[in-house]
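Text of the file upload39.csv, holding CSV, C-alpha atoms and all ligand atoms:
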chain,number,residue,atom,x,y,z
A,1,MET,CA,109.8,106.2,108.7
A,2,LEU,CA,108.1,102.9,108.0
A,3,SER,CA,104.6,102.0,109.1
A,4,GLY,CA,102.2,99.3,108.4
A,5,VAL,CA,100.0,96.6,109.9
A,6,ASN,CA,101.5,93.7,112.0
A,7,GLY,CA,104.0,91.4,110.4
A,8,VAL,CA,104.2,92.9,107.0
A,9,GLY,CA,108.0,93.2,107.2
A,10,LYS,CA,108.8,96.7,108.6
A,11,THR,CA,111.6,95.7,110.8
A,12,THR,CA,113.2,93.5,108.2
A,13,ALA,CA,113.0,96.3,105.7
A,14,ILE,CA,114.6,98.7,108.2
A,15,GLY,CA,117.6,96.3,108.4
A,16,LYS,CA,117.8,96.0,104.6
A,17,LEU,CA,117.6,99.7,104.2
A,18,ALA,CA,120.3,100.3,106.8
A,19,HIS,CA,122.5,97.9,104.8
A,20,MET,CA,121.7,99.6,101.5
A,21,PHE,CA,122.4,103.1,102.7
A,22,LYS,CA,125.7,101.9,104.3
A,23,GLU,CA,126.7,100.4,101.0
A,24,GLN,CA,126.0,103.7,99.4
A,25,GLY,CA,128.5,105.3,101.9
A,26,ARG,CA,125.9,107.0,104.0
A,27,SER,CA,126.1,107.0,107.8
A,28,VAL,CA,122.9,105.6,109.3
A,29,VAL,CA,121.2,105.5,112.7
A,30,ILE,CA,118.1,103.5,113.5
A,31,ALA,CA,115.3,104.7,115.8
A,32,ALA,CA,113.6,101.7,117.5
A,33,ALA,CA,110.2,103.4,117.8
A,34,ASP,CA,108.4,100.1,118.1
A,35,THR,CA,108.3,100.2,121.9
A,36,PHE,CA,105.0,98.3,121.9
A,37,ARG,CA,105.8,94.8,121.0
A,38,ALA,CA,108.0,92.8,123.4
A,39,ALA,CA,111.4,92.1,121.9
A,40,ALA,CA,110.9,94.4,119.0
A,41,SER,CA,114.0,96.5,120.0
A,42,GLU,CA,116.1,93.3,120.3
A,43,GLN,CA,115.1,92.2,116.9
A,44,LEU,CA,116.1,95.6,115.5
A,45,GLU,CA,119.4,95.5,117.4
A,46,ILE,CA,120.3,92.2,115.6
A,47,TRP,CA,119.6,93.9,112.3
A,48,GLY,CA,121.7,96.9,113.4
A,49,GLN,CA,124.6,94.6,114.2
A,50,ARG,CA,124.3,92.9,110.8
A,51,ALA,CA,124.3,96.2,109.0
A,52,GLY,CA,126.9,97.8,111.3
A,53,VAL,CA,124.5,100.6,112.3
A,54,ARG,CA,123.7,102.1,115.7
A,55,VAL,CA,120.3,101.6,117.1
A,56,ILE,CA,118.7,104.1,119.5
A,57,ARG,CA,116.3,102.3,121.8
A,58,HIS,CA,114.3,102.9,125.0
A,59,SER,CA,112.6,100.4,127.3
A,60,GLU,CA,109.4,98.7,126.3
A,61,GLY,CA,106.4,100.9,126.7
A,62,ALA,CA,108.3,104.1,126.3
A,63,ASP,CA,106.9,107.0,124.1
A,64,PRO,CA,108.0,106.2,120.5
A,65,ALA,CA,108.2,109.9,119.8
A,66,ALA,CA,110.8,110.3,122.5
A,67,VAL,CA,112.9,107.5,120.9
A,68,VAL,CA,112.7,109.4,117.6
A,69,PHE,CA,113.6,112.7,119.4
A,70,ASP,CA,116.7,111.0,120.9
A,71,ALA,CA,117.7,109.4,117.6
A,72,ILE,CA,117.5,112.8,115.9
A,73,SER,CA,119.6,114.4,118.7
A,74,SER,CA,122.1,111.6,118.4
A,75,ALA,CA,122.3,111.9,114.6
A,76,LYS,CA,122.9,115.6,114.9
A,77,ALA,CA,125.7,115.1,117.4
A,78,LYS,CA,127.4,112.3,115.4
A,79,GLY,CA,126.7,113.8,112.0
A,80,ASN,CA,124.7,110.9,110.6
A,81,ASP,CA,122.8,111.6,107.4
A,82,VAL,CA,120.1,108.9,107.4
A,83,ILE,CA,117.7,108.1,110.2
A,84,LEU,CA,115.5,105.1,109.8
A,85,ILE,CA,112.4,104.9,112.0
A,86,ASP,CA,110.9,101.5,112.8
A,87,THR,CA,107.3,101.7,114.2
A,88,ALA,CA,105.0,99.3,115.9
A,89,GLY,CA,102.7,97.2,113.7
A,90,ARG,CA,99.3,98.6,113.9
A,91,LEU,CA,95.8,98.1,112.6
A,92,HIS,CA,94.7,101.1,110.7
A,93,ASN,CA,91.5,101.3,112.8
A,94,LYS,CA,93.4,101.8,116.0
A,95,LYS,CA,93.1,105.5,116.4
A,96,ASN,CA,95.6,105.8,119.3
A,97,LEU,CA,98.3,104.1,117.3
A,98,MET,CA,97.7,106.4,114.3
A,99,ALA,CA,97.9,109.3,116.7
A,100,GLU,CA,101.3,108.0,117.8
A,101,LEU,CA,102.5,108.0,114.3
A,102,GLN,CA,101.3,111.5,113.8
A,103,LYS,CA,103.2,112.5,117.0
A,104,ILE,CA,106.4,111.0,115.6
A,105,CYS,CA,105.9,113.0,112.4
A,106,ARG,CA,105.4,116.3,114.4
A,107,VAL,CA,108.7,115.6,116.2
A,108,VAL,CA,110.6,115.1,113.0
A,109,ASP,CA,109.0,118.1,111.3
A,110,ARG,CA,109.9,120.3,114.4
A,111,GLU,CA,113.4,119.0,114.9
A,112,LEU,CA,114.5,118.5,111.3
A,113,PRO,CA,112.4,121.0,109.3
A,114,ASP,CA,114.7,120.8,106.3
A,115,ALA,CA,115.0,117.1,106.2
A,116,ASP,CA,113.9,115.0,103.3
A,117,PHE,CA,111.4,113.1,105.4
A,118,ARG,CA,109.9,110.1,103.6
A,119,LYS,CA,107.0,108.2,105.0
A,120,TYR,CA,106.7,104.7,103.5
A,121,LEU,CA,103.9,102.3,104.0
A,122,VAL,CA,105.0,98.6,104.1
A,123,LEU,CA,102.6,96.2,102.5
A,124,ASP,CA,102.8,92.4,102.2
A,125,ALA,CA,102.3,91.2,98.6
A,126,THR,CA,100.8,88.0,99.8
A,127,THR,CA,97.8,89.8,101.3
A,128,GLY,CA,96.5,90.7,97.8
A,129,GLN,CA,93.5,93.0,97.7
A,130,ASN,CA,93.7,93.6,101.5
A,131,ALA,CA,96.9,95.6,100.9
A,132,VAL,CA,94.9,98.0,98.8
A,133,SER,CA,92.6,98.8,101.6
A,134,GLN,CA,95.5,99.2,104.0
A,135,ALA,CA,97.1,101.7,101.7
A,136,GLN,CA,93.9,103.6,101.3
A,137,ILE,CA,93.3,103.8,105.1
A,138,PHE,CA,96.8,104.6,106.1
A,139,SER,CA,97.3,107.3,103.5
A,140,GLU,CA,94.2,109.0,104.8
A,141,ASP,CA,95.7,109.4,108.3
A,142,ILE,CA,99.4,109.7,107.5
A,143,GLU,CA,100.8,111.6,104.5
A,144,THR,CA,102.4,108.7,102.6
A,145,ASP,CA,105.2,109.1,100.1
A,146,GLY,CA,105.4,105.5,98.8
A,147,ILE,CA,105.1,101.8,99.3
A,148,ILE,CA,107.6,99.1,100.2
A,149,LEU,CA,106.1,95.8,98.9
A,150,THR,CA,107.5,92.8,100.8
A,151,LYS,CA,107.4,89.0,100.3
A,152,LEU,CA,107.5,89.2,96.5
A,153,ASP,CA,109.7,86.1,96.6
A,154,GLY,CA,106.7,83.9,97.6
A,155,THR,CA,103.8,82.8,95.4
A,156,ALA,CA,102.5,86.4,95.1
A,157,LYS,CA,103.2,88.0,91.8
A,158,GLY,CA,102.5,91.4,93.3
A,159,GLY,CA,99.8,92.2,90.8
A,160,VAL,CA,98.4,94.2,93.7
A,161,VAL,CA,100.9,96.9,92.8
A,162,LEU,CA,98.8,97.7,89.7
A,163,ALA,CA,95.8,98.3,91.9
A,164,ILE,CA,97.7,100.4,94.4
A,165,SER,CA,99.3,102.6,91.8
A,166,HIS,CA,96.0,102.9,89.9
A,167,ASP,CA,93.6,103.5,92.8
A,168,ILE,CA,95.7,105.3,95.3
A,169,GLU,CA,98.4,106.8,93.1
A,170,LEU,CA,101.2,105.9,95.5
A,171,PRO,CA,104.6,104.8,93.9
A,172,VAL,CA,106.2,101.6,94.9
A,173,VAL,CA,109.7,102.4,95.9
A,174,TYR,CA,111.3,99.2,97.0
A,175,VAL,CA,110.4,95.5,96.9
A,176,GLY,CA,111.4,92.8,99.4
A,177,VAL,CA,112.3,89.5,97.8
A,178,GLY,CA,113.5,87.5,100.8
A,179,GLU,CA,114.6,87.5,104.4
A,180,LYS,CA,118.3,88.3,103.9
A,181,ILE,CA,119.9,91.7,104.3
A,182,ASP,CA,120.4,92.3,100.6
A,183,ASP,CA,116.9,91.1,99.6
A,184,LEU,CA,115.5,94.6,99.0
A,185,ILE,CA,115.6,96.1,95.5
A,186,PRO,CA,114.5,99.5,94.2
A,187,PHE,CA,111.3,99.1,92.3
A,188,ASP,CA,111.6,99.3,88.5
A,189,ALA,CA,108.3,99.4,86.7
A,190,THR,CA,109.6,98.1,83.4
A,191,ASP,CA,111.3,95.1,85.0
A,192,PHE,CA,108.2,94.5,87.1
A,193,VAL,CA,105.8,94.5,84.2
A,194,ASN,CA,108.1,92.3,82.1
A,195,ALA,CA,108.2,89.8,84.9
A,196,LEU,CA,104.4,89.8,85.2
A,197,LEU,CA,103.9,89.2,81.4
A,201,LIG,N1,110.0,85.7,102.3
A,201,LIG,C1,110.1,87.0,102.8
A,201,LIG,N2,109.9,87.1,104.1
A,201,LIG,C2,109.9,88.4,104.6
A,201,LIG,C3,110.2,89.5,103.7
A,201,LIG,N3,110.2,90.6,104.5
A,201,LIG,C4,110.0,90.2,105.8
A,201,LIG,N4,109.8,88.8,105.8
A,201,LIG,C5,109.5,88.0,107.0
A,201,LIG,O1,108.2,88.4,107.6
A,201,LIG,C6,108.2,88.2,109.0
A,201,LIG,C7,107.8,89.5,109.7
A,201,LIG,O2,108.8,90.4,109.5
A,201,LIG,P1,109.1,91.7,110.4
A,201,LIG,O3,110.1,92.5,109.8
A,201,LIG,O4,109.3,91.3,111.8
A,201,LIG,O5,107.6,92.4,110.3
A,201,LIG,P2,107.1,93.7,111.1
A,201,LIG,O6,106.2,94.4,110.1
A,201,LIG,O7,108.3,94.4,111.6
A,201,LIG,O8,106.3,93.0,112.2
A,201,LIG,P3,105.7,93.7,113.6
A,201,LIG,O9,106.7,94.6,114.1
A,201,LIG,O10,105.3,92.6,114.5
A,201,LIG,O11,104.4,94.5,113.1
A,201,LIG,C8,109.6,87.7,109.3
A,201,LIG,O12,109.6,86.3,109.4
A,201,LIG,C9,110.5,88.1,108.1
A,201,LIG,O13,111.6,87.3,108.0
A,201,LIG,C10,110.4,89.3,102.3
A,201,LIG,O14,110.6,90.2,101.5
A,201,LIG,N5,110.3,88.0,101.9
A,202,MG,MG,108.6,95.1,113.5
Please rewrite the model in this file as structure tokens.
Ligand SMILES: Nc1nc2c(ncn2[C@@H]2O[C@H](COP(=O)(O)OP(=O)(O)OP(=O)(O)O)[C@@H](O)[C@H]2O)c(=O)[nH]1
Ligand SMILES: [Mg+2]
Amino acid sequence: MLSGVNGVGKTTAIGKLAHMFKEQGRSVVIAAADTFRAAASEQLEIWGQRAGVRVIRHSEGADPAAVVFDAISSAKAKGNDVILIDTAGRLHNKKNLMAELQKICRVVDRELPDADFRKYLVLDATTGQNAVSQAQIFSEDIETDGIILTKLDGTAKGGVVLAISHDIELPVVYVGVGEKIDDLIPFDATDFVNALL
């Protein structure tokens, strides 16, 4: 499940992850649990087509947790082994939206108690120090397993990674380096530090 504030690159990262898992020979389904923003599901559908992956979607305004429930049922029926959950961009101070994320988590925990459920926070490298406070606040409300740091292809060097791993002790798992489907790479600390130096 990917979460994060508006526009950080969640949906793009879902598309890239779908492609990456497919390349690894996994069978993937995407849950379009951003039912909040107009056209979010359509955007995801395009990524699903590019990656060759099914997208489970409901109409705009539907309960995101219900979308996730359906995606899980569908994955069980079809024998998929990876479910990617896209969520609506939210400001961390919007309590109802955080509650919505927690509800999705409860559905996953209940329906797939043995799953390796990873909750990643997506952060935009170009937002600098603000990303650190986002990570702090999100990880208070949602148990977070790691960070996907996007837009590292721009001017940002991503020095913010050092602050995040130092202050919040969350690992960076993937970095986004562009807008194309294969512009997501697993984070490698040694490579990263060498590039910074
Ligand atoms: N250069 C660059 N652009 C990126 C990267 N990841 C995402 N983007 C761009 O950032 C913009 C927002 O991406 P989305 O994936 O729609 O972001 P989101 O977090 O899903 O946005 P909301 O659902 O509205 O909260 C798009 O124009 C993407 O093409 C990246 O790694 N590098
Ligand atoms: Mg999105």
Please write out the residues within 8 Å of ligand LIG 201 (chain A) as a PDB file with C-alpha atoms, in the coordinates of the input, counting all atoms listed in the file.
ATOM      1  CA  SER A   3     104.600 102.000 109.100  1.00  0.00           C
ATOM      2  CA  GLY A   4     102.200  99.300 108.400  1.00  0.00           C
ATOM      3  CA  VAL A   5     100.000  96.600 109.900  1.00  0.00           C
ATOM      4  CA  ASN A   6     101.500  93.700 112.000  1.00  0.00           C
ATOM      5  CA  GLY A   7     104.000  91.400 110.400  1.00  0.00           C
ATOM      6  CA  VAL A   8     104.200  92.900 107.000  1.00  0.00           C
ATOM      7  CA  GLY A   9     108.000  93.200 107.200  1.00  0.00           C
ATOM      8  CA  LYS A  10     108.800  96.700 108.600  1.00  0.00           C
ATOM      9  CA  THR A  11     111.600  95.700 110.800  1.00  0.00           C
ATOM     10  CA  THR A  12     113.200  93.500 108.200  1.00  0.00           C
ATOM     11  CA  ALA A  13     113.000  96.300 105.700  1.00  0.00           C
ATOM     12  CA  ILE A  14     114.600  98.700 108.200  1.00  0.00           C
ATOM     13  CA  ASP A  34     108.400 100.100 118.100  1.00  0.00           C
ATOM     14  CA  ARG A  37     105.800  94.800 121.000  1.00  0.00           C
ATOM     15  CA  ALA A  40     110.900  94.400 119.000  1.00  0.00           C
ATOM     16  CA  GLN A  43     115.100  92.200 116.900  1.00  0.00           C
ATOM     17  CA  ASP A  86     110.900 101.500 112.800  1.00  0.00           C
ATOM     18  CA  THR A  87     107.300 101.700 114.200  1.00  0.00           C
ATOM     19  CA  ALA A  88     105.000  99.300 115.900  1.00  0.00           C
ATOM     20  CA  GLY A  89     102.700  97.200 113.700  1.00  0.00           C
ATOM     21  CA  ARG A  90      99.300  98.600 113.900  1.00  0.00           C
ATOM     22  CA  VAL A 122     105.000  98.600 104.100  1.00  0.00           C
ATOM     23  CA  ASP A 124     102.800  92.400 102.200  1.00  0.00           C
ATOM     24  CA  LEU A 149     106.100  95.800  98.900  1.00  0.00           C
ATOM     25  CA  THR A 150     107.500  92.800 100.800  1.00  0.00           C
ATOM     26  CA  LYS A 151     107.400  89.000 100.300  1.00  0.00           C
ATOM     27  CA  LEU A 152     107.500  89.200  96.500  1.00  0.00           C
ATOM     28  CA  ASP A 153     109.700  86.100  96.600  1.00  0.00           C
ATOM     29  CA  GLY A 154     106.700  83.900  97.600  1.00  0.00           C
ATOM     30  CA  VAL A 175     110.400  95.500  96.900  1.00  0.00           C
ATOM     31  CA  GLY A 176     111.400  92.800  99.400  1.00  0.00           C
ATOM     32  CA  VAL A 177     112.300  89.500  97.800  1.00  0.00           C
ATOM     33  CA  GLY A 178     113.500  87.500 100.800  1.00  0.00           C
ATOM     34  CA  GLU A 179     114.600  87.500 104.400  1.00  0.00           C
ATOM     35  CA  LYS A 180     118.300  88.300 103.900  1.00  0.00           C
ATOM     36  CA  ASP A 183     116.900  91.100  99.600  1.00  0.00           C
ATOM     37  CA  LEU A 184     115.500  94.600  99.000  1.00  0.00           C
TER      38      LEU A 184
END
Practice prompt. Can you pull out every residue within 10 Å of Arg57 in chain A, counting only C-alpha atoms, but drop anything in the same chain fewer than 4 positions away, and send it as a VMD selection string?
Written response: chain A and resid 30 to 35 40 to 42 44 to 45 62 64 66 to 68 70 to 71
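With all atoms listed in the file as the atoms that count, the minimum distance from ligand MG 202 (chain A) to the choices A:Ala131, A:His58, A:Gln24, A:Ile85 is reached by A:Ile85.
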Worksheet item: In Å, with one decimal, what is the gap from CA of Leu84 in chain A to CA of Glu143 in chain A?
Response: 16.9 Å
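Closest approach to ligand MG 202 (chain A) from the set A:Phe36, A:Lys78, A:Tyr174, A:Arg26 is made by A:Phe36, with distances taken over only C-alpha atoms and all ligand atoms.
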Practice prompt. Tell me, as a PyMOL selection string, which residues lie within 12 Å of Arg106 in chain A, counting only C-alpha atoms; anything in the same chain fewer than 2 positions away does not count.
Written response: chain A and resi 65-66+68-69+99-104+108-113+117+142-143
Worksheet entry | Length of the CA of Ile168 in chain A to CA of Ser139 in chain A vector [Å] | 8.6 Å
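Shortest atom-to-atom contact with ligand MG 202 (chain A) among A:Ile185, A:Val28, A:Ala39, A:Phe21: A:Ala39, counting only C-alpha atoms and all ligand atoms.
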Worksheet item: So, counting all atoms listed in the file, which residue among A:Ala38, A:Ala115, A:Phe138, A:Pro171 is closest to ligand MG 202 (chain A)?
Response: A:Ala38
Worksheet item: For the atom pair CA of Ile83 in chain A and CA of Gly61 in chain A, what is the interatomic distance in Å to one decimal place?
Response: 21.3 Å
Worksheet item: With only C-alpha atoms as the basis for distance, which of A:Gln49, A:Asp141, A:Gly128, A:Ala195 is at the shortest distance from Lys94 in chain A?
Response: A:Asp141
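Taking all atoms listed in the file, the non-local environment of Asp188 in chain A within 9 Å (same-chain residues fewer than 3 positions away omitted) comprises A:Val172, A:Val173, A:Tyr174, A:Ile185, A:Asp191, A:Phe192, A:Val193.
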Worksheet item: From the set A:Leu2, A:Val107, A:Val132, A:Ala125, which residue has the shortest atom-to-atom contact distance to ligand MG 202 (chain A), counting only C-alpha atoms and all ligand atoms?
Response: A:Leu2
